[in-house]
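Participant: The following block contains the structure, expressed as structure tokens.
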Amino acid sequence: MPHPPAFYSPRHVIVLAHPSRNSFNGLIADAYCDAVRSCGQEAIVRDLYGIGFDPVLKEHERPGRQSFVPSKDVEAEHDAIRGSDVFVMVYPIWFGMPPAMMKGYVDRVLGAGVTPQGVRDRTAMTLMKGQRLVNITSSGASKKWLNAQDQIESLRSVLGRYLLHAFQISDYQDIHFGETVEGLDQEYVDQNLRVVDDRARRICATITAERAAQASRGNDLPAHRAGK
């Protein structure tokens, strides 16, 4: 497999799971992309509802089976993710959980070929190795109420820290926006989008600084971009 060029543009993959592209979550995805692109880095959006992603795991996709083989739509997602630097999940919290579309994406795409033993032994061959994971969530309830129900912390454990270890991700961080309901005040929306813009720019700056440090050590590419 040929190596990517030494001076690649850092790539962010944003996976959006909301039935309305014009929703608050859609605005979050756009704000993150705009900030990344303004920093001279690449941003790719995978709108799961927009592309009609099928979240249902197939028998032949179950890891560890001799018959294991990823489906064509899973391979397409792998092509989008492969070699990226940051993986961003944007979704609403419904009944304390992410949409089934997002859970199915973890099962079918991120977990493709990853066995329980590989997760346990930290030896899983995964496209996420060395990447950064960012979870950006929203809810109709207030953040204070969700914290009282331990919902945000539960998501951090399952779709944050667990994935970090299972897929050998290098860094995890999250942002949550509460009380996002129909008829939001524009000032509230703009305020939250500025938070996303600031976080995206800080992530871009960190990647740029790390690349400069790698270059000074004579390493043009991080391991996950060099095919190691």
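Chain lettering (A, B, ...) mirrors the order of the structure tokens, residue numbering begins at 1 for each chain separately, and ligand numbering begins at 1 in order of display.
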Can you list, as a compact mmCIF listing (two decimals) with N, CA, C and O atoms, in the first residue's frame, all residues belonging to segment 2-228 of chain A that DSSP tags as helix (DSSP H, G or I)?
Facilitator:
# COMPACT_ATOMS: atom_id res chain seq x y z
N PHE A 24 -30.60 21.50 15.07
CA PHE A 24 -29.51 22.07 15.87
C PHE A 24 -28.25 21.22 15.71
O PHE A 24 -27.14 21.74 15.60
N ASN A 25 -28.44 19.91 15.68
CA ASN A 25 -27.29 19.01 15.48
C ASN A 25 -26.65 19.23 14.12
O ASN A 25 -25.42 19.16 13.99
N GLY A 26 -27.46 19.48 13.11
CA GLY A 26 -26.92 19.78 11.79
C GLY A 26 -26.11 21.06 11.80
O GLY A 26 -25.05 21.14 11.16
N LEU A 27 -26.58 22.06 12.54
CA LEU A 27 -25.84 23.31 12.66
C LEU A 27 -24.50 23.09 13.38
O LEU A 27 -23.49 23.71 13.03
N ILE A 28 -24.51 22.21 14.36
CA ILE A 28 -23.27 21.88 15.08
C ILE A 28 -22.26 21.28 14.12
O ILE A 28 -21.08 21.66 14.10
N ALA A 29 -22.71 20.32 13.32
CA ALA A 29 -21.81 19.67 12.35
C ALA A 29 -21.24 20.70 11.38
O ALA A 29 -20.04 20.69 11.07
N ASP A 30 -22.09 21.60 10.90
CA ASP A 30 -21.63 22.64 9.97
C ASP A 30 -20.63 23.58 10.62
O ASP A 30 -19.62 23.96 10.00
N ALA A 31 -20.90 23.97 11.88
CA ALA A 31 -20.00 24.89 12.58
C ALA A 31 -18.64 24.24 12.79
O ALA A 31 -17.59 24.89 12.63
N TYR A 32 -18.62 22.97 13.15
CA TYR A 32 -17.35 22.27 13.33
C TYR A 32 -16.58 22.23 12.02
O TYR A 32 -15.38 22.51 11.98
N CYS A 33 -17.27 21.88 10.94
CA CYS A 33 -16.62 21.81 9.62
C CYS A 33 -16.07 23.17 9.19
O CYS A 33 -14.94 23.25 8.67
N ASP A 34 -16.86 24.20 9.37
CA ASP A 34 -16.42 25.54 8.97
C ASP A 34 -15.14 25.95 9.70
O ASP A 34 -14.22 26.52 9.11
N ALA A 35 -15.09 25.64 11.00
CA ALA A 35 -13.91 26.00 11.79
C ALA A 35 -12.69 25.22 11.32
O ALA A 35 -11.59 25.78 11.17
N VAL A 36 -12.88 23.94 11.06
CA VAL A 36 -11.77 23.08 10.61
C VAL A 36 -11.22 23.57 9.27
O VAL A 36 -10.01 23.70 9.08
N ARG A 37 -12.13 23.86 8.35
CA ARG A 37 -11.70 24.29 7.02
C ARG A 37 -11.03 25.65 7.06
O ARG A 37 -10.10 25.91 6.29
N SER A 38 -11.48 26.52 7.96
CA SER A 38 -10.85 27.83 8.09
C SER A 38 -9.43 27.71 8.64
O SER A 38 -8.61 28.61 8.48
N LEU A 48 -25.79 10.27 8.42
CA LEU A 48 -26.29 8.90 8.39
C LEU A 48 -27.73 8.80 7.89
O LEU A 48 -28.06 7.90 7.13
N TYR A 49 -28.58 9.73 8.33
CA TYR A 49 -29.95 9.70 7.83
C TYR A 49 -29.99 10.12 6.36
O TYR A 49 -30.76 9.57 5.58
N GLY A 50 -29.14 11.06 6.00
CA GLY A 50 -29.12 11.54 4.63
C GLY A 50 -28.70 10.47 3.64
O GLY A 50 -29.23 10.40 2.52
N ILE A 51 -27.75 9.61 4.03
CA ILE A 51 -27.29 8.55 3.12
C ILE A 51 -28.08 7.26 3.30
O ILE A 51 -27.86 6.28 2.58
N GLU A 59 -25.46 -11.03 9.74
CA GLU A 59 -24.83 -12.25 10.24
C GLU A 59 -23.39 -12.37 9.75
O GLU A 59 -22.48 -12.71 10.52
N HIS A 60 -23.15 -12.06 8.48
CA HIS A 60 -21.81 -12.22 7.93
C HIS A 60 -20.84 -11.12 8.40
O HIS A 60 -19.65 -11.17 8.10
N GLU A 61 -21.37 -10.12 9.13
CA GLU A 61 -20.53 -9.05 9.65
C GLU A 61 -20.10 -9.28 11.10
O GLU A 61 -19.34 -8.49 11.65
N LYS A 72 -20.75 -3.74 1.48
CA LYS A 72 -20.25 -2.65 0.63
C LYS A 72 -20.42 -1.29 1.28
O LYS A 72 -19.55 -0.43 1.17
N ASP A 73 -21.56 -1.07 1.98
CA ASP A 73 -21.76 0.24 2.61
C ASP A 73 -20.79 0.44 3.77
O ASP A 73 -20.36 1.57 4.02
N VAL A 74 -20.41 -0.62 4.46
CA VAL A 74 -19.43 -0.52 5.53
C VAL A 74 -18.06 -0.20 4.94
O VAL A 74 -17.32 0.65 5.48
N GLU A 75 -17.71 -0.82 3.84
CA GLU A 75 -16.44 -0.54 3.18
C GLU A 75 -16.36 0.92 2.75
O GLU A 75 -15.29 1.55 2.82
N ALA A 76 -17.49 1.48 2.31
CA ALA A 76 -17.51 2.89 1.91
C ALA A 76 -17.22 3.80 3.10
O ALA A 76 -16.50 4.80 2.97
N GLU A 77 -17.75 3.45 4.27
CA GLU A 77 -17.48 4.24 5.47
C GLU A 77 -16.02 4.09 5.89
O GLU A 77 -15.39 5.05 6.34
N HIS A 78 -15.48 2.90 5.75
CA HIS A 78 -14.07 2.69 6.07
C HIS A 78 -13.17 3.55 5.18
O HIS A 78 -12.15 4.08 5.64
N ASP A 79 -13.54 3.68 3.92
CA ASP A 79 -12.76 4.53 3.01
C ASP A 79 -12.76 5.98 3.48
O ASP A 79 -11.76 6.69 3.33
N ALA A 80 -13.88 6.42 4.05
CA ALA A 80 -13.98 7.81 4.53
C ALA A 80 -13.18 8.00 5.81
O ALA A 80 -12.57 9.06 6.02
N ILE A 81 -13.15 6.99 6.67
CA ILE A 81 -12.49 7.10 7.97
C ILE A 81 -10.99 6.85 7.89
O ILE A 81 -10.20 7.47 8.60
N ALA A 100 -30.44 4.93 17.43
CA ALA A 100 -30.07 3.60 16.96
C ALA A 100 -29.13 3.68 15.76
O ALA A 100 -28.25 2.83 15.59
N MET A 101 -29.29 4.72 14.95
CA MET A 101 -28.44 4.91 13.78
C MET A 101 -26.96 5.03 14.20
O MET A 101 -26.08 4.44 13.55
N MET A 102 -26.69 5.75 15.29
CA MET A 102 -25.31 5.91 15.73
C MET A 102 -24.78 4.64 16.36
O MET A 102 -23.63 4.24 16.13
N LYS A 103 -25.60 3.98 17.17
CA LYS A 103 -25.17 2.71 17.77
C LYS A 103 -24.87 1.69 16.68
O LYS A 103 -23.88 0.94 16.75
N GLY A 104 -25.71 1.67 15.63
CA GLY A 104 -25.47 0.75 14.53
C GLY A 104 -24.19 1.07 13.79
O GLY A 104 -23.51 0.17 13.27
N TYR A 105 -23.83 2.34 13.73
CA TYR A 105 -22.58 2.74 13.07
C TYR A 105 -21.38 2.21 13.86
O TYR A 105 -20.41 1.73 13.27
N VAL A 106 -21.47 2.25 15.17
CA VAL A 106 -20.41 1.70 16.00
C VAL A 106 -20.31 0.19 15.78
O VAL A 106 -19.22 -0.35 15.59
N ASP A 107 -21.46 -0.49 15.78
CA ASP A 107 -21.48 -1.94 15.61
C ASP A 107 -20.92 -2.37 14.25
O ASP A 107 -20.05 -3.24 14.17
N ARG A 108 -21.43 -1.76 13.20
CA ARG A 108 -21.12 -2.24 11.85
C ARG A 108 -19.83 -1.66 11.28
O ARG A 108 -19.12 -2.35 10.54
N VAL A 109 -19.54 -0.39 11.58
CA VAL A 109 -18.41 0.28 10.94
C VAL A 109 -17.18 0.31 11.84
O VAL A 109 -16.13 -0.25 11.51
N LEU A 110 -17.29 0.95 12.99
CA LEU A 110 -16.13 1.06 13.87
C LEU A 110 -15.72 -0.29 14.43
O LEU A 110 -14.53 -0.57 14.62
N PRO A 116 -14.13 -9.59 20.84
CA PRO A 116 -14.05 -9.32 22.28
C PRO A 116 -12.64 -9.53 22.83
O PRO A 116 -12.19 -8.76 23.69
N GLN A 117 -11.95 -10.54 22.36
CA GLN A 117 -10.59 -10.79 22.84
C GLN A 117 -9.67 -9.65 22.43
O GLN A 117 -8.81 -9.22 23.21
N GLY A 118 -9.84 -9.13 21.22
CA GLY A 118 -9.02 -8.01 20.76
C GLY A 118 -9.25 -6.78 21.60
O GLY A 118 -8.30 -6.02 21.89
N VAL A 119 -10.50 -6.56 22.01
CA VAL A 119 -10.81 -5.43 22.88
C VAL A 119 -10.18 -5.63 24.26
O VAL A 119 -9.55 -4.73 24.82
N ARG A 120 -10.34 -6.82 24.78
CA ARG A 120 -9.83 -7.12 26.13
C ARG A 120 -8.31 -7.03 26.19
O ARG A 120 -7.74 -6.51 27.16
N ASP A 121 -7.64 -7.51 25.14
CA ASP A 121 -6.17 -7.54 25.13
C ASP A 121 -5.55 -6.28 24.55
O ASP A 121 -4.32 -6.16 24.49
N LYS A 143 -28.79 20.18 31.20
CA LYS A 143 -27.60 19.43 31.56
C LYS A 143 -27.63 19.05 33.04
O LYS A 143 -27.20 17.95 33.43
N LYS A 144 -28.15 19.95 33.87
CA LYS A 144 -28.24 19.69 35.31
C LYS A 144 -29.12 18.48 35.57
O LYS A 144 -28.78 17.60 36.38
N TRP A 145 -30.26 18.41 34.88
CA TRP A 145 -31.18 17.28 35.08
C TRP A 145 -30.54 15.98 34.60
O TRP A 145 -30.62 14.94 35.27
N LEU A 146 -29.88 16.01 33.44
CA LEU A 146 -29.23 14.81 32.92
C LEU A 146 -28.13 14.32 33.86
O LEU A 146 -27.95 13.11 34.05
N ASN A 147 -27.39 15.26 34.42
CA ASN A 147 -26.34 14.87 35.36
C ASN A 147 -26.93 14.19 36.59
O ASN A 147 -26.35 13.24 37.14
N ALA A 148 -28.11 14.66 37.02
CA ALA A 148 -28.76 14.05 38.18
C ALA A 148 -29.19 12.62 37.89
O ALA A 148 -29.29 11.79 38.79
N GLN A 151 -26.90 10.42 33.18
CA GLN A 151 -26.96 10.07 31.77
C GLN A 151 -25.72 10.52 31.00
O GLN A 151 -25.19 9.78 30.16
N ILE A 152 -25.25 11.73 31.26
CA ILE A 152 -24.07 12.21 30.54
C ILE A 152 -22.85 11.38 30.91
O ILE A 152 -22.05 11.00 30.04
N GLU A 153 -22.71 11.08 32.19
CA GLU A 153 -21.58 10.27 32.63
C GLU A 153 -21.65 8.86 32.04
O GLU A 153 -20.62 8.26 31.70
N SER A 154 -22.86 8.34 31.90
CA SER A 154 -23.02 7.01 31.30
C SER A 154 -22.55 7.01 29.86
O SER A 154 -21.86 6.08 29.41
N LEU A 155 -22.92 8.04 29.12
CA LEU A 155 -22.48 8.14 27.73
C LEU A 155 -20.97 8.30 27.63
O LEU A 155 -20.33 7.74 26.74
N ARG A 156 -20.40 9.07 28.55
CA ARG A 156 -18.94 9.23 28.56
C ARG A 156 -18.25 7.88 28.77
O ARG A 156 -17.20 7.61 28.20
N SER A 157 -18.86 7.04 29.60
CA SER A 157 -18.27 5.74 29.88
C SER A 157 -18.38 4.81 28.68
O SER A 157 -17.41 4.14 28.31
N VAL A 158 -19.56 4.78 28.05
CA VAL A 158 -19.82 3.81 26.98
C VAL A 158 -19.33 4.28 25.62
O VAL A 158 -18.62 3.55 24.91
N LEU A 159 -19.70 5.50 25.23
CA LEU A 159 -19.32 6.00 23.90
C LEU A 159 -18.11 6.92 23.96
O LEU A 159 -17.81 7.61 22.99
N GLY A 160 -17.44 6.93 25.08
CA GLY A 160 -16.24 7.74 25.23
C GLY A 160 -15.07 6.91 25.68
O GLY A 160 -14.29 6.41 24.89
N ARG A 161 -14.98 6.72 26.98
CA ARG A 161 -13.81 6.02 27.54
C ARG A 161 -13.72 4.57 27.10
O ARG A 161 -12.63 4.05 26.85
N TYR A 162 -14.88 3.89 26.97
CA TYR A 162 -14.83 2.50 26.53
C TYR A 162 -14.30 2.42 25.10
O TYR A 162 -13.43 1.59 24.80
N LEU A 163 -14.82 3.25 24.21
CA LEU A 163 -14.35 3.23 22.82
C LEU A 163 -12.89 3.61 22.74
O LEU A 163 -12.14 3.08 21.91
N LEU A 164 -12.45 4.54 23.58
CA LEU A 164 -11.06 4.96 23.58
C LEU A 164 -10.14 3.75 23.80
O LEU A 164 -9.15 3.56 23.09
N HIS A 165 -10.47 2.91 24.78
CA HIS A 165 -9.64 1.75 25.08
C HIS A 165 -9.88 0.62 24.07
O HIS A 165 -8.93 -0.03 23.63
N ALA A 166 -11.14 0.38 23.71
CA ALA A 166 -11.46 -0.73 22.81
C ALA A 166 -10.83 -0.55 21.44
O ALA A 166 -10.33 -1.51 20.84
N GLN A 186 -32.18 32.57 18.98
CA GLN A 186 -31.01 32.62 18.09
C GLN A 186 -29.73 32.94 18.85
O GLN A 186 -28.65 32.42 18.52
N GLU A 187 -29.83 33.77 19.87
CA GLU A 187 -28.64 34.10 20.66
C GLU A 187 -28.07 32.86 21.35
O GLU A 187 -26.85 32.67 21.42
N TYR A 188 -28.98 32.00 21.84
CA TYR A 188 -28.56 30.75 22.50
C TYR A 188 -27.89 29.82 21.48
O TYR A 188 -26.86 29.21 21.77
N VAL A 189 -28.47 29.75 20.30
CA VAL A 189 -27.89 28.92 19.24
C VAL A 189 -26.50 29.42 18.89
O VAL A 189 -25.53 28.65 18.83
N ASP A 190 -26.39 30.72 18.65
CA ASP A 190 -25.09 31.31 18.26
C ASP A 190 -24.04 31.11 19.34
O ASP A 190 -22.86 30.84 19.05
N GLN A 191 -24.45 31.24 20.59
CA GLN A 191 -23.52 31.05 21.70
C GLN A 191 -22.96 29.63 21.70
O GLN A 191 -21.75 29.42 21.88
N ASN A 192 -23.82 28.66 21.50
CA ASN A 192 -23.38 27.26 21.49
C ASN A 192 -22.52 26.94 20.27
O ASN A 192 -21.55 26.17 20.37
N LEU A 193 -22.85 27.53 19.14
CA LEU A 193 -22.05 27.30 17.94
C LEU A 193 -20.65 27.89 18.10
O LEU A 193 -19.67 27.36 17.56
N ARG A 194 -20.54 28.97 18.86
CA ARG A 194 -19.21 29.54 19.14
C ARG A 194 -18.38 28.58 19.99
O ARG A 194 -17.15 28.51 19.84
N VAL A 195 -19.05 27.86 20.89
CA VAL A 195 -18.35 26.86 21.70
C VAL A 195 -17.77 25.78 20.80
O VAL A 195 -16.62 25.36 20.96
N VAL A 196 -18.57 25.31 19.83
CA VAL A 196 -18.11 24.29 18.89
C VAL A 196 -16.96 24.83 18.04
O VAL A 196 -15.95 24.14 17.84
N ASP A 197 -17.10 26.06 17.56
CA ASP A 197 -16.05 26.68 16.76
C ASP A 197 -14.74 26.74 17.53
O ASP A 197 -13.67 26.38 17.01
N ASP A 198 -14.82 27.17 18.78
CA ASP A 198 -13.61 27.29 19.60
C ASP A 198 -12.96 25.93 19.84
O ASP A 198 -11.73 25.79 19.74
N ARG A 199 -13.77 24.91 20.14
CA ARG A 199 -13.22 23.58 20.40
C ARG A 199 -12.55 23.02 19.14
O ARG A 199 -11.46 22.44 19.21
N ALA A 200 -13.21 23.19 18.00
CA ALA A 200 -12.65 22.68 16.75
C ALA A 200 -11.32 23.35 16.44
O ALA A 200 -10.35 22.69 16.02
N ARG A 201 -11.24 24.65 16.66
CA ARG A 201 -9.98 25.37 16.39
C ARG A 201 -8.87 24.92 17.34
O ARG A 201 -7.70 24.82 16.93
N ARG A 202 -9.22 24.65 18.57
CA ARG A 202 -8.21 24.19 19.51
C ARG A 202 -7.70 22.80 19.15
O ARG A 202 -6.50 22.51 19.29
N ILE A 203 -8.59 21.95 18.66
CA ILE A 203 -8.18 20.62 18.23
C ILE A 203 -7.26 20.73 17.01
O ILE A 203 -6.23 20.06 16.92
N CYS A 204 -7.63 21.60 16.07
CA CYS A 204 -6.79 21.82 14.89
C CYS A 204 -5.40 22.33 15.29
O CYS A 204 -4.38 21.89 14.75
N ALA A 205 -5.36 23.25 16.25
CA ALA A 205 -4.08 23.81 16.70
C ALA A 205 -3.22 22.73 17.36
O ALA A 205 -2.00 22.69 17.17
N THR A 206 -3.86 21.83 18.11
CA THR A 206 -3.12 20.75 18.76
C THR A 206 -2.52 19.82 17.71
O THR A 206 -1.35 19.42 17.83
N ILE A 207 -3.30 19.48 16.70
CA ILE A 207 -2.80 18.61 15.63
C ILE A 207 -1.63 19.27 14.90
O ILE A 207 -0.60 18.63 14.62
N THR A 208 -1.77 20.56 14.62
CA THR A 208 -0.69 21.29 13.93
C THR A 208 0.58 21.28 14.76
O THR A 208 1.68 21.06 14.24
N ALA A 209 0.45 21.50 16.08
CA ALA A 209 1.61 21.50 16.96
C ALA A 209 2.25 20.11 17.02
O ALA A 209 3.49 19.99 17.03
N GLU A 210 1.43 19.08 17.05
CA GLU A 210 1.97 17.72 17.10
C GLU A 210 2.70 17.37 15.81
O GLU A 210 3.75 16.72 15.84
N ARG A 211 2.17 17.81 14.70
CA ARG A 211 2.83 17.54 13.41
C ARG A 211 4.18 18.25 13.36
O ARG A 211 5.15 17.69 12.85
N ALA A 212 4.23 19.48 13.89
CA ALA A 212 5.49 20.22 13.90
C ALA A 212 6.52 19.49 14.76
O ALA A 212 7.70 19.40 14.40
N ALA A 213 6.06 18.94 15.89
CA ALA A 213 6.96 18.21 16.77
C ALA A 213 7.45 16.93 16.11
O ALA A 213 8.62 16.56 16.22
N GLN A 214 6.54 16.25 15.40
CA GLN A 214 6.93 15.02 14.69
C GLN A 214 7.94 15.32 13.60
O GLN A 214 8.91 14.57 13.40
N ALA A 215 7.72 16.42 12.89
CA ALA A 215 8.63 16.79 11.80
C ALA A 215 10.02 17.10 12.35
O ALA A 215 11.04 16.76 11.74
N SER A 216 10.05 17.73 13.54
CA SER A 216 11.35 18.07 14.13
C SER A 216 12.12 16.83 14.56
O SER A 216 13.34 16.85 14.67
N ALA A 223 1.68 7.24 13.14
CA ALA A 223 1.58 5.83 12.79
C ALA A 223 0.31 5.49 12.02
O ALA A 223 0.33 4.72 11.08
N HIS A 224 -0.85 6.07 12.44
CA HIS A 224 -2.10 5.68 11.79
C HIS A 224 -2.21 6.22 10.37
O HIS A 224 -3.05 5.76 9.60
N ARG A 225 -1.39 7.23 10.00
CA ARG A 225 -1.39 7.72 8.63
C ARG A 225 -0.32 7.04 7.78
O ARG A 225 -0.37 7.07 6.57
N ALA A 226 0.66 6.43 8.44
CA ALA A 226 1.76 5.81 7.71
C ALA A 226 1.53 4.32 7.45
O ALA A 226 2.36 3.64 6.91
Participant: Write out as a ChimeraX atom specification which residues come within 6 Å of Arg132 of chain A when counting only C-alpha atoms, dropping same-chain ones fewer than 2 positions away.
Facilitator: /A:86,170-171
Participant: Those same residues - C-alpha atoms - I'd like them written as a compact mmCIF listing (two decimals), in the first residue's frame.
Facilitator:
# COMPACT_ATOMS: atom_id res chain seq x y z
CA VAL A 86 -10.24 13.18 14.28
CA SER A 170 -5.43 8.45 21.44
CA ASP A 171 -7.71 11.08 23.00
Participant: Skip Val45 of chain A itself and residues of its chain fewer than 4 positions away, then list as a tab-separated table (two decimals) with N, CA and C atoms, in the first residue's frame all residues within 7 Å of it, counting only C-alpha atoms.
Facilitator:
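What landed in part.tsv:
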chain	number	residue	atom	x	y	z
A	13	VAL	N	-13.41	13.57	10.35
A	13	VAL	CA	-14.63	12.92	9.86
A	13	VAL	C	-15.74	13.19	10.88
A	14	ILE	N	-16.80	13.83	10.44
A	14	ILE	CA	-17.92	14.18	11.32
A	14	ILE	C	-19.11	13.30	10.96
A	15	VAL	N	-19.54	12.46	11.89
A	15	VAL	CA	-20.68	11.57	11.66
A	15	VAL	C	-21.89	12.16	12.37
Participant: Env of Glu182 of chain A: 10 Å cut, atoms = only C-alpha atoms, seq-sep filter 3 positions within chain, self excluded. Answer as a list of chain:residue names.
Facilitator: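 Near Glu182 of chain A, the qualifying residues are A:Ser23, A:Phe24, A:Gly140, A:Glu179, A:Asp185.
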Participant: Could you turn the residues from that selection into a file that holds N, CA, C and O atoms, as a PDB file, in the first residue's frame?
Facilitator:
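Output below, filename again32.pdb:
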ATOM      1  N   SER A  23     -31.471  20.588  11.639  1.00  0.00           N
ATOM      2  CA  SER A  23     -31.646  20.620  13.095  1.00  0.00           C
ATOM      3  C   SER A  23     -30.490  21.336  13.778  1.00  0.00           C
ATOM      4  O   SER A  23     -29.495  21.708  13.143  1.00  0.00           O
ATOM      5  N   PHE A  24     -30.602  21.500  15.074  1.00  0.00           N
ATOM      6  CA  PHE A  24     -29.512  22.068  15.866  1.00  0.00           C
ATOM      7  C   PHE A  24     -28.251  21.219  15.712  1.00  0.00           C
ATOM      8  O   PHE A  24     -27.142  21.740  15.600  1.00  0.00           O
ATOM      9  N   GLY A 140     -33.077  17.688  25.005  1.00  0.00           N
ATOM     10  CA  GLY A 140     -34.152  18.621  25.323  1.00  0.00           C
ATOM     11  C   GLY A 140     -34.142  18.994  26.796  1.00  0.00           C
ATOM     12  O   GLY A 140     -34.562  20.085  27.175  1.00  0.00           O
ATOM     13  N   GLU A 179     -31.216  21.602  26.855  1.00  0.00           N
ATOM     14  CA  GLU A 179     -32.386  22.451  26.579  1.00  0.00           C
ATOM     15  C   GLU A 179     -32.435  22.906  25.115  1.00  0.00           C
ATOM     16  O   GLU A 179     -32.745  24.048  24.823  1.00  0.00           O
ATOM     17  N   ASP A 185     -33.916  30.262  20.984  1.00  0.00           N
ATOM     18  CA  ASP A 185     -33.519  31.652  20.787  1.00  0.00           C
ATOM     19  C   ASP A 185     -32.231  31.690  19.970  1.00  0.00           C
ATOM     20  O   ASP A 185     -31.286  30.935  20.243  1.00  0.00           O
TER      21      ASP A 185
END
